[in-house]
Amino acid sequence: MGAILEPSFEGDSTFARDEPLRVSGGELRPVTLRYALYGALNRRREGAVLVCHALSGSARVADWWPELFGAGRPFDAERFCVIGTNVIGSCYGSTGPRSVNPQTGSPYGADFPLVSVGDMVRAQSLLLEHLGVERLRAVVGGSIGGMQALQWAVDFPERVERCVAVGAAPLPALGLALNHLQRQAITNDPLWRGGRYTEDAPPAAGLALARAIAMCSYKSAGLFGERFGRNPDRAGEDPHRSLEERFDVAGYLDHQGRTFTRRFDANSYLLLSKAMDTFDLARGYGSEAAALRRIKARVLLVGITSDWLFPAEDVRALAGRMKEAGARCRYDELQSAHGHDGFLADAALLAPLLRAALDDEEERAGVFARAVVAV
């Protein structure tokens, strides 16, 4: 693969300086969102595509979805301005637990309030107001990013033309159970210290274990069997020789955990996994059906055949409920052996579905010729 595409612009937007942003667990003031643009907004600020990241993603969409960028691909920066944002509560530039609490002068840490997917979307809407974007051509995301796309379609129906959510639906009981265990792994680490750990002594062991559990839920049993089987660890260990020596799959999980702790924050992990748990389109609308009746966007829901964290049948069932509520919704399925991670690992297979959802034949000829404007 060639070099990763760099954003045409990357920076911060700070708002809620006077009036706080109210979130599920309290309020935040001020709020900063890190964002990145690929391509440029036209003078009328139309035709933008907002791409929402999964739990450990960032505003730099091309870093984690590179296969979808380029001429003839869904995110063609010559046709669309692609906007990526880092959600509140994360650790890649937006206001989160590592940010300084203006009331104390120290990092929020464990005092950072609980946030929901709806809170993330409202913060994104304020960023788009800053950019002058009143209406989006599409909102696209996978996993908790797909939850954000769905929340956009419900909360801001007049501002979204298309909604594409991949591997996203309310989390079933098994997913809730696995997320609970991941948070327990972090909070049971002695170095967690009630969330008031220091940067030089984070709860790395707990976070690594949480990530290892997550990787089991992101992949499929078939993929693990094909890739690892019952082989001993490739570094030469013999699991029959001692308690500490591992099978190959254990070495993989340990490696994933170690590398993750170098790039992510434990308190952010707790917050974002909890936001995934509490995603429920019915909140604030009385019922899910009432929420779905608000949708005016054309919706594409994509299930992943081997996904057992967000089973394809759950995504398909949500599409059915949307249609019953009167939404224009289509369901497609991504054939992937990678489990929930299929929306990333098999992005090239996903590309035709996304391209079809974003394309309109009559708009191909010149409408998206843009003059670069200051952001």
# chains A, B, ... in the order shown; residues from 1 in each chain; ligands from 1

$ closest_atom_pairs --of "segment 216-271 of chain A" --to "segment 47-58 of chain A" --cutoff "12 Å" --atoms "only C-alpha atoms" --output "Markdown table"
| residue | atom | partner | partner_atom | distance |
| --- | --- | --- | --- | --- |
| A:Tyr218 | CA | A:Leu55 | CA | 11.8 |
| A:Phe260 | CA | A:Ser56 | CA | 9.2 |
| A:Thr261 | CA | A:Ser56 | CA | 11.2 |
| A:Arg263 | CA | A:Ser56 | CA | 9.1 |
| A:Phe264 | CA | A:Ser56 | CA | 7.4 |
| A:Asp265 | CA | A:Ser56 | CA | 9.6 |
| A:Ala266 | CA | A:Ser56 | CA | 11.1 |
| A:Ser268 | CA | A:Ser56 | CA | 9.1 |
| A:Tyr269 | CA | A:Leu55 | CA | 7.7 |
| A:Leu270 | CA | A:Leu55 | CA | 10.3 |
| A:Leu271 | CA | A:Leu55 | CA | 9.8 |

$ residues_around --residues "Arg211 of chain A" --least-positions-apart "5" --cutoff "8 Å" --atoms "only C-alpha atoms" --output "PyMOL selection string"
chain A and resi 182+256-257+260

$ residues_around --residues "Asp307 of chain A" --least-positions-apart "5" --cutoff "9 Å" --atoms "only C-alpha atoms" --output "number ranges by chain"
A: 167, 217-220, 312, 336-342

$ closest_residue --among "A:Arg196, A:Arg98, A:His130, A:Arg29" --to "Arg45 of chain A" --atoms "only C-alpha atoms"
A:His130

$ closest_residue --among "A:Leu207, A:Leu131, A:Cys91, A:Ala185" --to "Tyr108 of chain A" --atoms "only C-alpha atoms"
A:Cys91

$ residues_around --residues "Glu333 of chain A" --least-positions-apart "3" --cutoff "7 Å" --atoms "only C-alpha atoms" --output "list of chain:residue names"
A:Val302, A:Gly303, A:Ile304, A:Thr305

$ closest_residue --among "A:Val100, A:Val154, A:Leu354, A:Cys216" --to "Ala289 of chain A" --atoms "only C-alpha atoms"
A:Val154

$ closest_atom_pairs --of "segment 79-169 of chain A" --to "segment 9-20 of chain A" --cutoff "9 Å" --atoms "only C-alpha atoms" --output "CSV"
residue,atom,partner,partner_atom,distance
A:Gly93,CA,A:Asp12,CA,7.8
A:Ser94,CA,A:Asp12,CA,7.9
A:Ala123,CA,A:Phe15,CA,8.9
A:Leu126,CA,A:Phe15,CA,7.6
A:Leu127,CA,A:Ser13,CA,6.6
A:His130,CA,A:Ser13,CA,7.8

$ write_last_selection --atoms "C-alpha atoms" --output "PDB file, in the first residue's frame"
ATOM      1  CA  GLY A  93      -7.179  15.862  20.256  1.00  0.00           C
ATOM      2  CA  SER A  94     -10.763  16.411  21.336  1.00  0.00           C
ATOM      3  CA  ALA A 123     -20.756  18.330  19.490  1.00  0.00           C
ATOM      4  CA  LEU A 126     -21.575  22.569  16.551  1.00  0.00           C
ATOM      5  CA  LEU A 127     -18.356  21.981  14.639  1.00  0.00           C
ATOM      6  CA  HIS A 130     -18.511  26.620  12.722  1.00  0.00           C
TER       7      HIS A 130
END

$ select_by_dssp --residues "segment 66-235 of chain A" --states "helix (DSSP H, G or I)" --output "PyMOL selection string"
chain A and resi 66-68+109-111+117-131+144-155+157-159+173-187+190-195+204-218+221-227

$ closest_residue --among "A:Leu334, A:Gly195, A:Ala205, A:Ile88" --to "Pro311 of chain A" --atoms "only C-alpha atoms"
A:Leu334

$ select_by_dssp --residues "segment 128-255 of chain A" --states "strand (DSSP E or B)" --output "list in words"
Leu136, Ala138, Val139, Val140, Gly141, Gly142, Val160, Arg162, Cys163, Val164, Ala165, Val166, Thr198, Ala201, Pro232 and Phe247 of chain A

$ residues_around --residues "Ala173 of chain A" --least-positions-apart "4" --cutoff "12 Å" --atoms "only C-alpha atoms" --output "PDB file with N, CA, C and O atoms, in the first residue's frame"
ATOM      1  N   ALA A 177     -22.059  -7.634  27.873  1.00  0.00           N
ATOM      2  CA  ALA A 177     -21.267  -8.426  28.816  1.00  0.00           C
ATOM      3  C   ALA A 177     -19.771  -8.281  28.541  1.00  0.00           C
ATOM      4  O   ALA A 177     -18.962  -8.090  29.471  1.00  0.00           O
ATOM      5  N   LEU A 178     -19.377  -8.342  27.283  1.00  0.00           N
ATOM      6  CA  LEU A 178     -17.960  -8.241  26.939  1.00  0.00           C
ATOM      7  C   LEU A 178     -17.409  -6.856  27.248  1.00  0.00           C
ATOM      8  O   LEU A 178     -16.275  -6.716  27.728  1.00  0.00           O
ATOM      9  N   ASN A 179     -18.191  -5.814  26.982  1.00  0.00           N
ATOM     10  CA  ASN A 179     -17.744  -4.466  27.325  1.00  0.00           C
ATOM     11  C   ASN A 179     -17.592  -4.300  28.835  1.00  0.00           C
ATOM     12  O   ASN A 179     -16.674  -3.638  29.320  1.00  0.00           O
ATOM     13  N   HIS A 180     -18.506  -4.906  29.591  1.00  0.00           N
ATOM     14  CA  HIS A 180     -18.403  -4.867  31.054  1.00  0.00           C
ATOM     15  C   HIS A 180     -17.101  -5.512  31.522  1.00  0.00           C
ATOM     16  O   HIS A 180     -16.392  -4.959  32.382  1.00  0.00           O
ATOM     17  N   ASP A 277     -22.470   1.026  24.849  1.00  0.00           N
ATOM     18  CA  ASP A 277     -23.486   0.265  25.591  1.00  0.00           C
ATOM     19  C   ASP A 277     -24.828   0.985  25.619  1.00  0.00           C
ATOM     20  O   ASP A 277     -25.890   0.356  25.486  1.00  0.00           O
ATOM     21  N   THR A 278     -24.793   2.297  25.867  1.00  0.00           N
ATOM     22  CA  THR A 278     -26.032   3.029  26.134  1.00  0.00           C
ATOM     23  C   THR A 278     -26.705   3.557  24.871  1.00  0.00           C
ATOM     24  O   THR A 278     -27.740   4.233  24.968  1.00  0.00           O
ATOM     25  N   TRP A 308     -20.196 -11.390  15.182  1.00  0.00           N
ATOM     26  CA  TRP A 308     -21.029 -11.872  16.279  1.00  0.00           C
ATOM     27  C   TRP A 308     -21.123 -10.852  17.411  1.00  0.00           C
ATOM     28  O   TRP A 308     -21.857 -11.070  18.377  1.00  0.00           O
ATOM     29  N   LEU A 309     -20.431  -9.714  17.281  1.00  0.00           N
ATOM     30  CA  LEU A 309     -20.604  -8.632  18.253  1.00  0.00           C
ATOM     31  C   LEU A 309     -21.862  -7.834  17.911  1.00  0.00           C
ATOM     32  O   LEU A 309     -22.681  -7.525  18.786  1.00  0.00           O
ATOM     33  N   PHE A 310     -22.012  -7.498  16.635  1.00  0.00           N
ATOM     34  CA  PHE A 310     -23.235  -6.880  16.113  1.00  0.00           C
ATOM     35  C   PHE A 310     -23.749  -7.819  15.019  1.00  0.00           C
ATOM     36  O   PHE A 310     -23.476  -7.603  13.834  1.00  0.00           O
ATOM     37  N   PRO A 311     -24.463  -8.872  15.380  1.00  0.00           N
ATOM     38  CA  PRO A 311     -24.860  -9.877  14.389  1.00  0.00           C
ATOM     39  C   PRO A 311     -25.608  -9.272  13.212  1.00  0.00           C
ATOM     40  O   PRO A 311     -26.405  -8.338  13.360  1.00  0.00           O
ATOM     41  N   ASP A 314     -29.251  -8.757  13.541  1.00  0.00           N
ATOM     42  CA  ASP A 314     -29.704  -7.595  14.314  1.00  0.00           C
ATOM     43  C   ASP A 314     -29.734  -6.341  13.442  1.00  0.00           C
ATOM     44  O   ASP A 314     -30.640  -5.512  13.560  1.00  0.00           O
TER      45      ASP A 314
END
